[in-house]
>>> print(open('work.cif').read())   # mmCIF, C-alpha atoms
data_final
loop_
_atom_site.group_PDB
_atom_site.id
_atom_site.type_symbol
_atom_site.label_atom_id
_atom_site.label_comp_id
_atom_site.auth_asym_id
_atom_site.auth_seq_id
_atom_site.Cartn_x
_atom_site.Cartn_y
_atom_site.Cartn_z
ATOM 1 C CA MET O 187 26.958 26.596 10.762
ATOM 2 C CA SER O 188 24.324 29.298 10.237
ATOM 3 C CA LEU O 189 21.684 26.657 9.609
ATOM 4 C CA TYR O 190 22.215 25.226 13.065
ATOM 5 C CA ASN O 191 22.207 28.708 14.639
ATOM 6 C CA THR O 192 18.732 29.420 13.244
ATOM 7 C CA SER O 193 17.358 25.931 13.842
ATOM 8 C CA VAL O 194 14.907 24.974 16.574
ATOM 9 C CA LYS O 195 14.836 21.897 18.751
ATOM 10 C CA VAL O 196 11.774 19.904 17.719
ATOM 11 C CA THR O 197 9.936 17.900 20.365
ATOM 12 C CA GLU O 198 6.655 17.806 18.454
ATOM 13 C CA PHE O 199 5.193 18.812 15.111
ATOM 14 C CA ILE O 200 1.963 20.705 14.377
ATOM 15 C CA ILE O 201 -0.125 19.252 11.537
ATOM 16 C CA GLY O 202 -1.295 22.166 9.392
ATOM 17 C CA GLY O 203 -2.412 20.419 6.215
ATOM 18 C CA LEU O 204 -6.048 20.188 7.335
ATOM 19 C CA ASP O 205 -6.525 23.765 8.539
ATOM 20 C CA THR O 206 -8.521 24.785 5.447
ATOM 21 C CA THR O 207 -10.898 21.795 5.524
ATOM 22 C CA GLU O 208 -14.407 23.293 5.301
ATOM 23 C CA ARG O 209 -16.357 20.455 6.956
ATOM 24 C CA PRO O 210 -13.905 18.629 9.195
ATOM 25 C CA LEU O 211 -16.535 16.477 10.945
ATOM 26 C CA VAL O 212 -18.048 15.289 7.652
ATOM 27 C CA SER O 213 -14.618 14.558 6.167
ATOM 28 C CA GLY O 214 -13.523 12.872 9.403
ATOM 29 C CA THR O 215 -16.653 10.695 9.485
ATOM 30 C CA ILE O 216 -16.135 9.513 5.910
ATOM 31 C CA ILE O 217 -12.463 8.701 6.523
ATOM 32 C CA LEU O 218 -13.320 6.989 9.829
ATOM 33 C CA LEU O 219 -15.991 4.770 8.224
ATOM 34 C CA ILE O 220 -13.710 3.763 5.345
ATOM 35 C CA PHE O 221 -10.830 3.138 7.751
ATOM 36 C CA VAL O 222 -12.851 0.967 10.145
ATOM 37 C CA LEU O 223 -14.460 -0.954 7.283
ATOM 38 C CA SER O 224 -11.120 -1.646 5.603
ATOM 39 C CA ILE O 225 -9.461 -2.743 8.863
ATOM 40 C CA LEU O 226 -12.326 -5.109 9.755
ATOM 41 C CA ALA O 227 -12.467 -6.582 6.240
ATOM 42 C CA ASN O 228 -8.701 -7.179 6.160
ATOM 43 C CA ILE O 229 -8.695 -8.706 9.648
ATOM 44 C CA LEU O 230 -11.556 -11.018 8.629
ATOM 45 C CA ASN O 231 -9.604 -12.233 5.588
ATOM 46 C CA ILE O 232 -6.470 -12.733 7.698
ATOM 47 C CA PHE O 233 -8.425 -14.691 10.313
ATOM 48 C CA VAL O 234 -10.126 -16.931 7.734
ATOM 49 C CA ILE O 235 -6.910 -17.703 5.836
ATOM 50 C CA PHE O 236 -5.011 -18.368 9.070
ATOM 51 C CA CYS O 237 -7.653 -20.672 10.548
ATOM 52 C CA ASP O 238 -8.671 -22.628 7.429
ATOM 53 C CA THR O 239 -5.934 -25.157 6.602
ATOM 54 C CA ASN O 240 -7.442 -25.625 3.131
ATOM 55 C CA LEU O 241 -6.329 -22.060 2.390
ATOM 56 C CA HIS O 242 -2.703 -22.668 3.357
ATOM 57 C CA LYS O 243 -1.572 -22.382 -0.250
ATOM 58 C CA PRO O 244 0.760 -19.940 -2.060
ATOM 59 C CA MET O 245 -2.003 -17.732 -3.497
ATOM 60 C CA TYR O 246 -3.707 -17.321 -0.112
ATOM 61 C CA ILE O 247 -0.400 -16.671 1.651
ATOM 62 C CA LEU O 248 0.069 -13.772 -0.775
ATOM 63 C CA ILE O 249 -3.482 -12.525 -0.116
ATOM 64 C CA PHE O 250 -2.762 -12.809 3.634
ATOM 65 C CA ASN O 251 0.362 -10.701 3.125
ATOM 66 C CA LEU O 252 -1.584 -8.148 1.062
ATOM 67 C CA CYS O 253 -4.083 -7.776 3.929
ATOM 68 C CA VAL O 254 -1.229 -7.167 6.405
ATOM 69 C CA VAL O 255 0.262 -4.532 4.085
ATOM 70 C CA ASP O 256 -3.131 -2.833 3.626
ATOM 71 C CA ILE O 257 -3.586 -2.613 7.402
ATOM 72 C CA LEU O 258 -0.099 -1.127 7.798
ATOM 73 C CA TYR O 259 -0.605 1.296 4.901
ATOM 74 C CA THR O 260 -3.924 2.754 6.041
ATOM 75 C CA SER O 261 -3.363 2.644 9.821
ATOM 76 C CA SER O 262 -0.043 4.494 9.532
ATOM 77 C CA SER O 263 -1.794 7.720 8.496
ATOM 78 C CA SER O 264 -5.584 7.568 8.918
ATOM 79 C CA PRO O 265 -5.777 7.676 12.769
ATOM 80 C CA THR O 266 -3.749 10.911 12.828
ATOM 81 C CA VAL O 267 -6.022 12.564 10.254
ATOM 82 C CA ILE O 268 -9.169 11.356 12.062
ATOM 83 C CA ARG O 269 -7.836 12.719 15.365
ATOM 84 C CA VAL O 270 -7.135 16.141 13.803
ATOM 85 C CA LEU O 271 -10.547 16.364 12.093
ATOM 86 C CA PHE O 272 -12.618 15.121 15.034
ATOM 87 C CA ALA O 273 -10.785 16.266 18.151
ATOM 88 C CA GLY O 274 -8.723 19.123 16.743
ATOM 89 C CA VAL O 275 -5.546 17.593 18.209
ATOM 90 C CA LYS O 276 -2.932 18.810 15.720
ATOM 91 C CA THR O 277 0.285 17.887 17.522
ATOM 92 C CA ILE O 278 2.394 14.755 17.136
ATOM 93 C CA SER O 279 5.638 14.069 18.997
ATOM 94 C CA TYR O 280 8.919 13.894 17.095
ATOM 95 C CA VAL O 281 9.708 10.178 17.469
ATOM 96 C CA PRO O 282 6.124 8.957 16.749
ATOM 97 C CA CYS O 283 6.168 11.230 13.684
ATOM 98 C CA LEU O 284 9.310 9.528 12.359
ATOM 99 C CA ILE O 285 7.815 6.095 13.096
ATOM 100 C CA GLN O 286 4.653 7.110 11.240
ATOM 101 C CA MET O 287 6.717 8.309 8.276
ATOM 102 C CA PHE O 288 8.628 5.019 8.134
ATOM 103 C CA ALA O 289 5.478 2.877 8.503
ATOM 104 C CA PHE O 290 3.571 4.814 5.841
ATOM 105 C CA HIS O 291 6.304 4.608 3.213
ATOM 106 C CA LEU O 292 6.981 0.954 4.086
ATOM 107 C CA GLY O 293 3.304 0.199 3.414
ATOM 108 C CA GLU O 294 3.537 2.167 0.163
ATOM 109 C CA VAL O 295 6.569 0.187 -1.045
ATOM 110 C CA MET O 296 5.269 -3.194 0.135
ATOM 111 C CA GLU O 297 1.959 -2.652 -1.686
ATOM 112 C CA MET O 298 3.915 -2.487 -4.956
ATOM 113 C CA PHE O 299 6.054 -5.511 -4.102
ATOM 114 C CA VAL O 300 3.082 -7.669 -3.119
ATOM 115 C CA LEU O 301 1.101 -6.810 -6.270
ATOM 116 C CA ALA O 302 4.162 -7.651 -8.403
ATOM 117 C CA VAL O 303 4.625 -11.047 -6.732
ATOM 118 C CA MET O 304 0.910 -11.772 -7.087
ATOM 119 C CA ALA O 305 1.257 -11.079 -10.829
ATOM 120 C CA LEU O 306 4.014 -13.719 -10.949
ATOM 121 C CA ASP O 307 1.737 -16.098 -9.048
ATOM 122 C CA ARG O 308 -1.057 -15.604 -11.611
ATOM 123 C CA LEU O 309 1.390 -16.043 -14.508
ATOM 124 C CA LEU O 310 2.556 -19.389 -13.136
ATOM 125 C CA ALA O 311 -1.028 -20.468 -12.376
ATOM 126 C CA VAL O 312 -2.126 -19.691 -15.938
ATOM 127 C CA GLY O 313 1.019 -20.635 -17.866
ATOM 128 C CA ARG O 314 2.133 -23.700 -15.891
ATOM 129 C CA PRO O 315 -0.957 -24.985 -14.047
ATOM 130 C CA PHE O 316 0.342 -28.549 -13.613
ATOM 131 C CA GLN O 317 3.805 -27.458 -12.431
ATOM 132 C CA TYR O 318 2.462 -24.529 -10.375
ATOM 133 C CA HIS O 319 2.790 -26.252 -6.990
ATOM 134 C CA ILE O 320 6.290 -27.403 -7.894
ATOM 135 C CA TYR O 321 7.513 -23.918 -8.780
ATOM 136 C CA LEU O 322 5.674 -22.046 -6.022
ATOM 137 C CA THR O 323 5.509 -24.022 -2.787
ATOM 138 C CA ASN O 324 4.355 -22.654 0.573
ATOM 139 C CA LYS O 325 7.952 -22.568 1.811
ATOM 140 C CA ARG O 326 9.202 -20.641 -1.239
ATOM 141 C CA THR O 327 6.295 -18.224 -0.964
ATOM 142 C CA LEU O 328 7.068 -17.523 2.698
ATOM 143 C CA VAL O 329 10.792 -17.075 1.976
ATOM 144 C CA LEU O 330 10.003 -14.714 -0.927
ATOM 145 C CA THR O 331 7.582 -12.745 1.250
ATOM 146 C CA PHE O 332 10.153 -12.435 4.054
ATOM 147 C CA PHE O 333 12.822 -11.366 1.539
ATOM 148 C CA LEU O 334 10.560 -8.634 0.110
ATOM 149 C CA TRP O 335 9.884 -7.253 3.593
ATOM 150 C CA ILE O 336 13.654 -7.065 4.195
ATOM 151 C CA VAL O 337 14.175 -5.291 0.845
ATOM 152 C CA GLY O 338 11.267 -2.940 1.633
ATOM 153 C CA PHE O 339 12.798 -2.072 5.016
ATOM 154 C CA GLY O 340 16.125 -1.388 3.286
ATOM 155 C CA PHE O 341 14.638 0.972 0.706
ATOM 156 C CA VAL O 342 12.484 2.902 3.169
ATOM 157 C CA ALA O 343 15.287 3.212 5.743
ATOM 158 C CA ILE O 344 16.971 5.650 3.333
ATOM 159 C CA LEU O 345 14.235 8.236 4.040
ATOM 160 C CA PRO O 346 14.609 8.672 7.830
ATOM 161 C CA ALA O 347 18.389 8.271 7.460
ATOM 162 C CA THR O 348 18.496 11.388 5.271
ATOM 163 C CA VAL O 349 16.023 13.528 7.233
ATOM 164 C CA ILE O 350 17.007 12.818 10.877
ATOM 165 C CA PRO O 351 20.421 14.601 10.753
ATOM 166 C CA LEU O 352 18.926 17.775 9.248
ATOM 167 C CA PRO O 353 18.263 20.846 11.460
ATOM 168 C CA HIS O 354 14.663 22.065 11.664
ATOM 169 C CA CYS O 355 13.556 25.669 11.172
ATOM 170 C CA SER O 356 9.825 24.993 11.579
ATOM 171 C CA THR O 357 7.544 22.703 13.543
ATOM 172 C CA VAL O 358 4.508 23.018 11.242
ATOM 173 C CA LEU O 359 3.817 20.169 8.812
ATOM 174 C CA LYS O 360 2.249 21.517 5.619
ATOM 175 C CA TYR O 361 0.535 18.221 4.803
ATOM 176 C CA THR O 362 -1.922 15.949 6.607
ATOM 177 C CA PHE O 363 0.462 13.629 8.461
ATOM 178 C CA CYS O 364 4.159 12.757 8.795
ATOM 179 C CA SER O 365 5.194 11.887 5.259
ATOM 180 C CA TYR O 366 8.775 12.325 4.036
ATOM 181 C CA ALA O 367 7.817 15.428 2.052
ATOM 182 C CA SER O 368 6.094 17.125 4.995
ATOM 183 C CA VAL O 369 8.945 16.449 7.459
ATOM 184 C CA THR O 370 11.621 17.521 4.940
ATOM 185 C CA ARG O 371 9.845 20.846 4.390
ATOM 186 C CA THR O 372 10.309 21.704 8.092
ATOM 187 C CA THR O 373 14.110 21.527 7.809
ATOM 188 C CA CYS O 374 16.431 24.488 7.245
ATOM 189 C CA THR O 375 17.883 23.040 4.032
ATOM 190 C CA ASP O 376 16.738 23.334 0.431
ATOM 191 C CA PRO O 377 14.339 20.371 0.085
ATOM 192 C CA GLU O 378 14.833 20.014 -3.688
ATOM 193 C CA TYR O 379 17.763 17.590 -3.374
ATOM 194 C CA TYR O 380 15.864 15.371 -0.938
ATOM 195 C CA PHE O 381 12.671 15.491 -3.007
ATOM 196 C CA ASN O 382 14.677 14.451 -6.081
ATOM 197 C CA LEU O 383 16.242 11.591 -4.114
ATOM 198 C CA ALA O 384 12.809 10.348 -3.005
ATOM 199 C CA ALA O 385 11.412 10.841 -6.530
ATOM 200 C CA ILE O 386 14.222 8.759 -8.091
ATOM 201 C CA LEU O 387 13.687 6.022 -5.521
ATOM 202 C CA MET O 388 9.919 5.942 -6.061
ATOM 203 C CA PHE O 389 10.265 6.132 -9.844
ATOM 204 C CA PHE O 390 12.576 3.108 -9.790
ATOM 205 C CA LEU O 391 10.181 1.116 -7.598
ATOM 206 C CA ILE O 392 7.036 2.100 -9.532
ATOM 207 C CA PHE O 393 8.676 1.536 -12.925
ATOM 208 C CA PHE O 394 10.138 -1.842 -11.923
ATOM 209 C CA THR O 395 7.006 -3.241 -10.250
ATOM 210 C CA PHE O 396 4.509 -1.901 -12.795
ATOM 211 C CA SER O 397 6.655 -3.068 -15.736
ATOM 212 C CA PHE O 398 6.934 -6.503 -14.126
ATOM 213 C CA ILE O 399 3.149 -6.666 -13.703
ATOM 214 C CA CYS O 400 2.598 -5.586 -17.335
ATOM 215 C CA LEU O 401 5.073 -8.176 -18.628
ATOM 216 C CA SER O 402 3.369 -10.834 -16.508
ATOM 217 C CA TYR O 403 0.012 -9.985 -18.084
ATOM 218 C CA VAL O 404 1.547 -10.049 -21.565
ATOM 219 C CA GLY O 405 2.553 -13.628 -20.771
ATOM 220 C CA ILE O 406 -0.903 -14.385 -19.333
ATOM 221 C CA ILE O 407 -2.640 -13.010 -22.457
ATOM 222 C CA TRP O 408 -0.343 -15.121 -24.649
ATOM 223 C CA PHE O 409 -1.206 -18.281 -22.703
ATOM 224 C CA VAL O 410 -4.918 -17.394 -22.743
ATOM 225 C CA LYS O 411 -4.880 -17.118 -26.552
ATOM 226 C CA LEU O 412 -3.560 -20.683 -26.761
ATOM 227 C CA SER O 413 -6.265 -22.023 -24.454
ATOM 228 C CA SER O 414 -9.785 -23.269 -25.094
ATOM 229 C CA SER O 415 -12.788 -20.968 -24.566
ATOM 230 C CA ASN O 416 -13.703 -22.726 -21.306
ATOM 231 C CA ASP O 417 -10.165 -22.323 -19.966
ATOM 232 C CA LYS O 418 -10.158 -18.655 -21.016
ATOM 233 C CA LYS O 419 -13.112 -17.961 -18.709
ATOM 234 C CA LYS O 420 -11.365 -19.659 -15.785
ATOM 235 C CA MET O 421 -8.136 -17.770 -16.437
ATOM 236 C CA GLY O 422 -9.971 -14.459 -16.747
ATOM 237 C CA SER O 423 -11.766 -15.053 -13.467
ATOM 238 C CA THR O 424 -8.463 -15.986 -11.814
ATOM 239 C CA CYS O 425 -6.774 -12.728 -12.815
ATOM 240 C CA PHE O 426 -9.721 -10.335 -12.466
ATOM 241 C CA SER O 427 -9.321 -9.752 -8.703
ATOM 242 C CA HIS O 428 -5.630 -8.987 -9.067
ATOM 243 C CA LEU O 429 -6.283 -6.581 -11.946
ATOM 244 C CA ILE O 430 -8.758 -4.619 -9.812
ATOM 245 C CA SER O 431 -6.179 -4.362 -6.999
ATOM 246 C CA VAL O 432 -3.500 -3.196 -9.448
ATOM 247 C CA MET O 433 -5.775 -0.517 -10.921
ATOM 248 C CA CYS O 434 -6.923 0.683 -7.472
ATOM 249 C CA TYR O 435 -3.331 1.267 -6.420
ATOM 250 C CA TYR O 436 -1.540 2.424 -9.567
ATOM 251 C CA CYS O 437 -4.249 4.582 -11.195
ATOM 252 C CA PRO O 438 -4.489 7.158 -8.352
ATOM 253 C CA THR O 439 -0.697 7.022 -7.963
ATOM 254 C CA PHE O 440 -0.141 7.802 -11.648
ATOM 255 C CA ILE O 441 -2.747 10.592 -11.522
ATOM 256 C CA VAL O 442 -0.933 12.239 -8.597
ATOM 257 C CA ILE O 443 2.460 11.866 -10.331
ATOM 258 C CA VAL O 444 1.197 13.256 -13.652
ATOM 259 C CA LEU O 445 -0.655 16.181 -12.080
ATOM 260 C CA THR O 446 2.106 17.214 -9.686
ATOM 261 C CA ARG O 447 5.163 16.553 -11.864
ATOM 262 C CA PHE O 448 3.917 18.249 -15.020
ATOM 263 C CA GLY O 449 3.329 21.714 -13.646
ATOM 264 C CA LEU O 450 -0.320 21.560 -12.562
ATOM 265 C CA VAL O 451 -0.740 23.282 -9.197
ATOM 266 C CA LEU O 452 -3.342 21.543 -7.026
ATOM 267 C CA THR O 453 -5.229 23.144 -4.160
ATOM 268 C CA LEU O 454 -4.481 21.666 -0.752
ATOM 269 C CA GLU O 455 -7.988 20.120 -0.596
ATOM 270 C CA ALA O 456 -7.607 18.496 -4.046
ATOM 271 C CA ARG O 457 -4.175 17.185 -3.138
ATOM 272 C CA ASN O 458 -5.439 15.753 0.156
ATOM 273 C CA GLY O 459 -8.376 14.100 -1.640
ATOM 274 C CA LEU O 460 -6.129 12.430 -4.220
ATOM 275 C CA PHE O 461 -3.651 11.410 -1.559
ATOM 276 C CA PHE O 462 -6.281 9.719 0.582
ATOM 277 C CA GLY O 463 -7.732 8.073 -2.507
ATOM 278 C CA CYS O 464 -4.319 6.452 -2.986
ATOM 279 C CA ILE O 465 -4.206 5.287 0.637
ATOM 280 C CA LEU O 466 -7.772 4.294 1.513
ATOM 281 C CA GLY O 467 -8.908 3.062 -1.924
ATOM 282 C CA PRO O 468 -6.751 -0.092 -2.195
ATOM 283 C CA SER O 469 -7.072 -0.901 1.523
ATOM 284 C CA LEU O 470 -10.869 -0.888 1.241
ATOM 285 C CA VAL O 471 -11.264 -2.521 -2.182
ATOM 286 C CA ASN O 472 -8.695 -5.338 -1.879
ATOM 287 C CA PRO O 473 -10.273 -7.379 0.963
ATOM 288 C CA PHE O 474 -13.763 -7.165 -0.563
ATOM 289 C CA VAL O 475 -12.508 -8.082 -4.033
ATOM 290 C CA TYR O 476 -10.729 -11.188 -2.766
ATOM 291 C CA CYS O 477 -13.562 -12.039 -0.374
ATOM 292 C CA LEU O 478 -16.270 -11.844 -3.060
ATOM 293 C CA ARG O 479 -14.294 -13.022 -6.099
ATOM 294 C CA THR O 480 -12.321 -15.876 -4.488
ATOM 295 C CA LYS O 481 -14.661 -18.829 -4.051
ATOM 296 C CA GLU O 482 -12.592 -20.570 -1.354
ATOM 297 C CA ILE O 483 -12.363 -17.478 0.900
ATOM 298 C CA ASN O 484 -16.031 -16.699 0.306
ATOM 299 C CA SER O 485 -17.026 -20.249 1.288
ATOM 300 C CA SER O 486 -14.836 -20.156 4.395
ATOM 301 C CA ILE O 487 -16.368 -16.878 5.560
ATOM 302 C CA ILE O 488 -19.899 -18.195 5.006
ATOM 303 C CA SER O 489 -19.027 -21.375 6.940
ATOM 304 C CA LEU O 490 -17.534 -19.288 9.744
ATOM 305 C CA PHE O 491 -20.689 -17.207 10.157
ATOM 306 C CA LYS O 492 -22.875 -20.321 9.972
ATOM 307 C CA ASN O 493 -20.858 -21.927 12.784
ATOM 308 C CA ILE O 494 -21.095 -18.746 14.865
ATOM 309 C CA LYS O 495 -24.866 -18.601 14.285
ATOM 310 C CA ALA O 496 -25.272 -22.316 15.132
ATOM 311 C CA SER O 497 -23.296 -21.989 18.360
#
>>> encode(input="work.cif", output="structure tokens")
Amino acid sequence: MSLYNTSVKVTEFIIGGLDTTERPLVSGTIILLIFVLSILANILNIFVIFCDTNLHKPMYILIFNLCVVDILYTSSSSPTVIRVLFAGVKTISYVPCLIQMFAFHLGEVMEMFVLAVMALDRLLAVGRPFQYHIYLTNKRTLVLTFFLWIVGFGFVAILPATVIPLPHCSTVLKYTFCSYASVTRTTCTDPEYYFNLAAILMFFLIFFTFSFICLSYVGIIWFVKLSSSNDKKKMGSTCFSHLISVMCYYCPTFIVIVLTRFGLVLTLEARNGLFFGCILGPSLVNPFVYCLRTKEINSSIISLFKNIKAS
């Protein structure tokens, strides 16, 4: 009962994680440019895949889904940070904060799910090229995508469900936006239990998806070894874009986990830099990788701009 006696009614939070930023306008400009560029690039890929019926195939449906996830992932947090750095507006209302928390972690989880399914897609394309369109039809791809979104919603719903009932003793968020960790730290309870719960959940998801991707590439490498030299080049080119996306997402994530979980204390600036590398990096790299490396998307974009120029 004492927790509720000392608690405060929260109508809005104050974002305090950027108070020590030395050059807020410079940092804000960099984040703004990356954010706008990533959003435009992802929207362009979505538009091209949606409009070009030749791209209505399983692989491009998955790329379409990846673009949607990237937009959700980066737009759930970046606008708040940009607003704080540029305008100095540090407040966010309670309900929008919870929505932001849910959207951010949903994007985080869905990024892992989509990359794992894309690994399966590449395994089937390399290992069973003639049966590929039998195993992975457009309908099955859409059903699988819808199912993963439902599973993602289910996993992420655990986070607001555990934090909403808790009383709050502070209205200041120690980090840069409304993540689960920052909101939990404002409550009157010991956050260790809730951090451990989130850590177990994320460990399970990261371990499962990354292990699945690794096993898929073990299978791909095995099939590549059995192929001719000409086929090896085609297979390598097919998987290269996905490998870049996997590295852009998992490498910063593993760096953050290793540095923070093994006793190394990071400064707030270093932590913010790593955190935004995890968020903005994949969202910026993915659309350009698939635009430049995927011949069909590249050709469609070129044709689109030619038609616009001609008209």
>>> atom_distance(input="work.cif", atom1="atom CA of O:Thr439", atom2="atom CA of O:Asp256")
15.4 Å
>>> closest_residue(input="work.cif", among="O:Leu284, O:Gly202, O:Gly340, O:Ile220", to="O:Gly463", atoms="all atoms listed in the file")
O:Ile220
>>> closest_residue(input="work.cif", among="O:Ile392, O:Leu292, O:Val234, O:Leu306", to="O:Ala343", atoms="all atoms listed in the file")
O:Leu292
>>> residues_around(input="work.cif", residues="O:Ile488", least_positions_apart="3", cutoff="12 Å", atoms="only C-alpha atoms", output="list in words")
Leu230, Asn231, Val234, Cys477, Leu478, Lys481, Glu482, Ile483, Asn484, Ser485, Phe491, Lys492, Asn493, Ile494 and Lys495 of chain O
>>> resolve_selection(input="work.cif", expression="the PyMOL selection byres ((chain O and resi 290) around 10)", output="number ranges by chain")
O: 258-263, 284-289, 291-296, 342, 363-366, 465
>>> closest_residue(input="work.cif", among="O:Leu322, O:Leu211, O:Leu330, O:Leu429", to="O:Ile268", atoms="only C-alpha atoms")
O:Leu211
>>> residues_around(input="work.cif", residues="O:Pro351", least_positions_apart="3", cutoff="12 Å", atoms="all atoms listed in the file", output="list in words")
Tyr190, Leu345, Pro346, Ala347, Thr348, His354, Thr370, Thr373, Cys374 and Thr375 of chain O
>>> write_last_selection(input="work.cif", atoms="C-alpha atoms", output="PDB file, keeping the file's coordinate frame")
ATOM      1  CA  TYR O 190      22.215  25.226  13.065  1.00  0.00           C
ATOM      2  CA  LEU O 345      14.235   8.236   4.040  1.00  0.00           C
ATOM      3  CA  PRO O 346      14.609   8.672   7.830  1.00  0.00           C
ATOM      4  CA  ALA O 347      18.389   8.271   7.460  1.00  0.00           C
ATOM      5  CA  THR O 348      18.496  11.388   5.271  1.00  0.00           C
ATOM      6  CA  HIS O 354      14.663  22.065  11.664  1.00  0.00           C
ATOM      7  CA  THR O 370      11.621  17.521   4.940  1.00  0.00           C
ATOM      8  CA  THR O 373      14.110  21.527   7.809  1.00  0.00           C
ATOM      9  CA  CYS O 374      16.431  24.488   7.245  1.00  0.00           C
ATOM     10  CA  THR O 375      17.883  23.040   4.032  1.00  0.00           C
TER      11      THR O 375
END
>>> resolve_selection(input="work.cif", expression="the PyMOL selection byres ((chain O and resi 396) around 12)", output="ChimeraX atom specification")
/O:297-306,388-395,397-403,429,432-433,435-437,439-440
>>> write_last_selection(input="work.cif", atoms="C-alpha atoms", output="compact mmCIF listing (two decimals), keeping the file's coordinate frame")
# COMPACT_ATOMS: atom_id res chain seq x y z
CA GLU O 297 1.96 -2.65 -1.69
CA MET O 298 3.92 -2.49 -4.96
CA PHE O 299 6.05 -5.51 -4.10
CA VAL O 300 3.08 -7.67 -3.12
CA LEU O 301 1.10 -6.81 -6.27
CA ALA O 302 4.16 -7.65 -8.40
CA VAL O 303 4.62 -11.05 -6.73
CA MET O 304 0.91 -11.77 -7.09
CA ALA O 305 1.26 -11.08 -10.83
CA LEU O 306 4.01 -13.72 -10.95
CA MET O 388 9.92 5.94 -6.06
CA PHE O 389 10.26 6.13 -9.84
CA PHE O 390 12.58 3.11 -9.79
CA LEU O 391 10.18 1.12 -7.60
CA ILE O 392 7.04 2.10 -9.53
CA PHE O 393 8.68 1.54 -12.92
CA PHE O 394 10.14 -1.84 -11.92
CA THR O 395 7.01 -3.24 -10.25
CA SER O 397 6.66 -3.07 -15.74
CA PHE O 398 6.93 -6.50 -14.13
CA ILE O 399 3.15 -6.67 -13.70
CA CYS O 400 2.60 -5.59 -17.34
CA LEU O 401 5.07 -8.18 -18.63
CA SER O 402 3.37 -10.83 -16.51
CA TYR O 403 0.01 -9.98 -18.08
CA LEU O 429 -6.28 -6.58 -11.95
CA VAL O 432 -3.50 -3.20 -9.45
CA MET O 433 -5.78 -0.52 -10.92
CA TYR O 435 -3.33 1.27 -6.42
CA TYR O 436 -1.54 2.42 -9.57
CA CYS O 437 -4.25 4.58 -11.20
CA THR O 439 -0.70 7.02 -7.96
CA PHE O 440 -0.14 7.80 -11.65
>>> residues_around(input="work.cif", residues="O:Cys253", least_positions_apart="6", cutoff="10 Å", atoms="all atoms listed in the file", output="number ranges by chain")
O: 224-225, 227-232, 247, 259, 297, 469, 472-473
>>> closest_residue(input="work.cif", among="O:Leu490, O:Asp376, O:Ser368, O:Cys425", to="O:Phe233", atoms="all atoms listed in the file")
O:Leu490
>>> atom_distance(input="work.cif", atom1="atom CA of O:Gly203", atom2="atom CA of O:Val349")
19.7 Å
>>> residues_around(input="work.cif", residues="O:Arg326", least_positions_apart="6", cutoff="10 Å", atoms="all atoms listed in the file", output="list in words")
Pro244, Ile320 and Phe332 of chain O
>>> closest_residue(input="work.cif", among="O:Leu310, O:Pro282, O:Leu241, O:Gly274", to="O:Asn324", atoms="only C-alpha atoms")
O:Leu241
>>> atom_distance(input="work.cif", atom1="atom CA of O:Thr480", atom2="atom CA of O:Phe250")
12.9 Å
>>> closest_residue(input="work.cif", among="O:Ser264, O:Asn251, O:Thr206, O:Thr362", to="O:Asn458", atoms="all atoms listed in the file")
O:Thr362
>>> residues_around(input="work.cif", residues="O:Leu219", least_positions_apart="3", cutoff="12 Å", atoms="all atoms listed in the file", output="list of chain:residue names")
O:Val212, O:Ser213, O:Gly214, O:Thr215, O:Ile216, O:Val222, O:Leu223, O:Ser224, O:Ile225, O:Leu226, O:Ser264, O:Pro265, O:Ile268, O:Leu466, O:Leu470
>>> write_last_selection(input="work.cif", atoms="C-alpha atoms", output="JSON list (two decimals), in the frame of the given file")
[["chain", "number", "residue", "atom", "x", "y", "z"],
["O", 212, "VAL", "CA", -18.05, 15.29, 7.65],
["O", 213, "SER", "CA", -14.62, 14.56, 6.17],
["O", 214, "GLY", "CA", -13.52, 12.87, 9.40],
["O", 215, "THR", "CA", -16.65, 10.70, 9.48],
["O", 216, "ILE", "CA", -16.14, 9.51, 5.91],
["O", 222, "VAL", "CA", -12.85, 0.97, 10.14],
["O", 223, "LEU", "CA", -14.46, -0.95, 7.28],
["O", 224, "SER", "CA", -11.12, -1.65, 5.60],
["O", 225, "ILE", "CA", -9.46, -2.74, 8.86],
["O", 226, "LEU", "CA", -12.33, -5.11, 9.76],
["O", 264, "SER", "CA", -5.58, 7.57, 8.92],
["O", 265, "PRO", "CA", -5.78, 7.68, 12.77],
["O", 268, "ILE", "CA", -9.17, 11.36, 12.06],
["O", 466, "LEU", "CA", -7.77, 4.29, 1.51],
["O", 470, "LEU", "CA", -10.87, -0.89, 1.24]]
>>> resolve_selection(input="work.cif", expression="the PyMOL selection byres ((chain O and resi 194) around 12)", output="ChimeraX atom specification")
/O:189-193,195-199,352-358,372-374
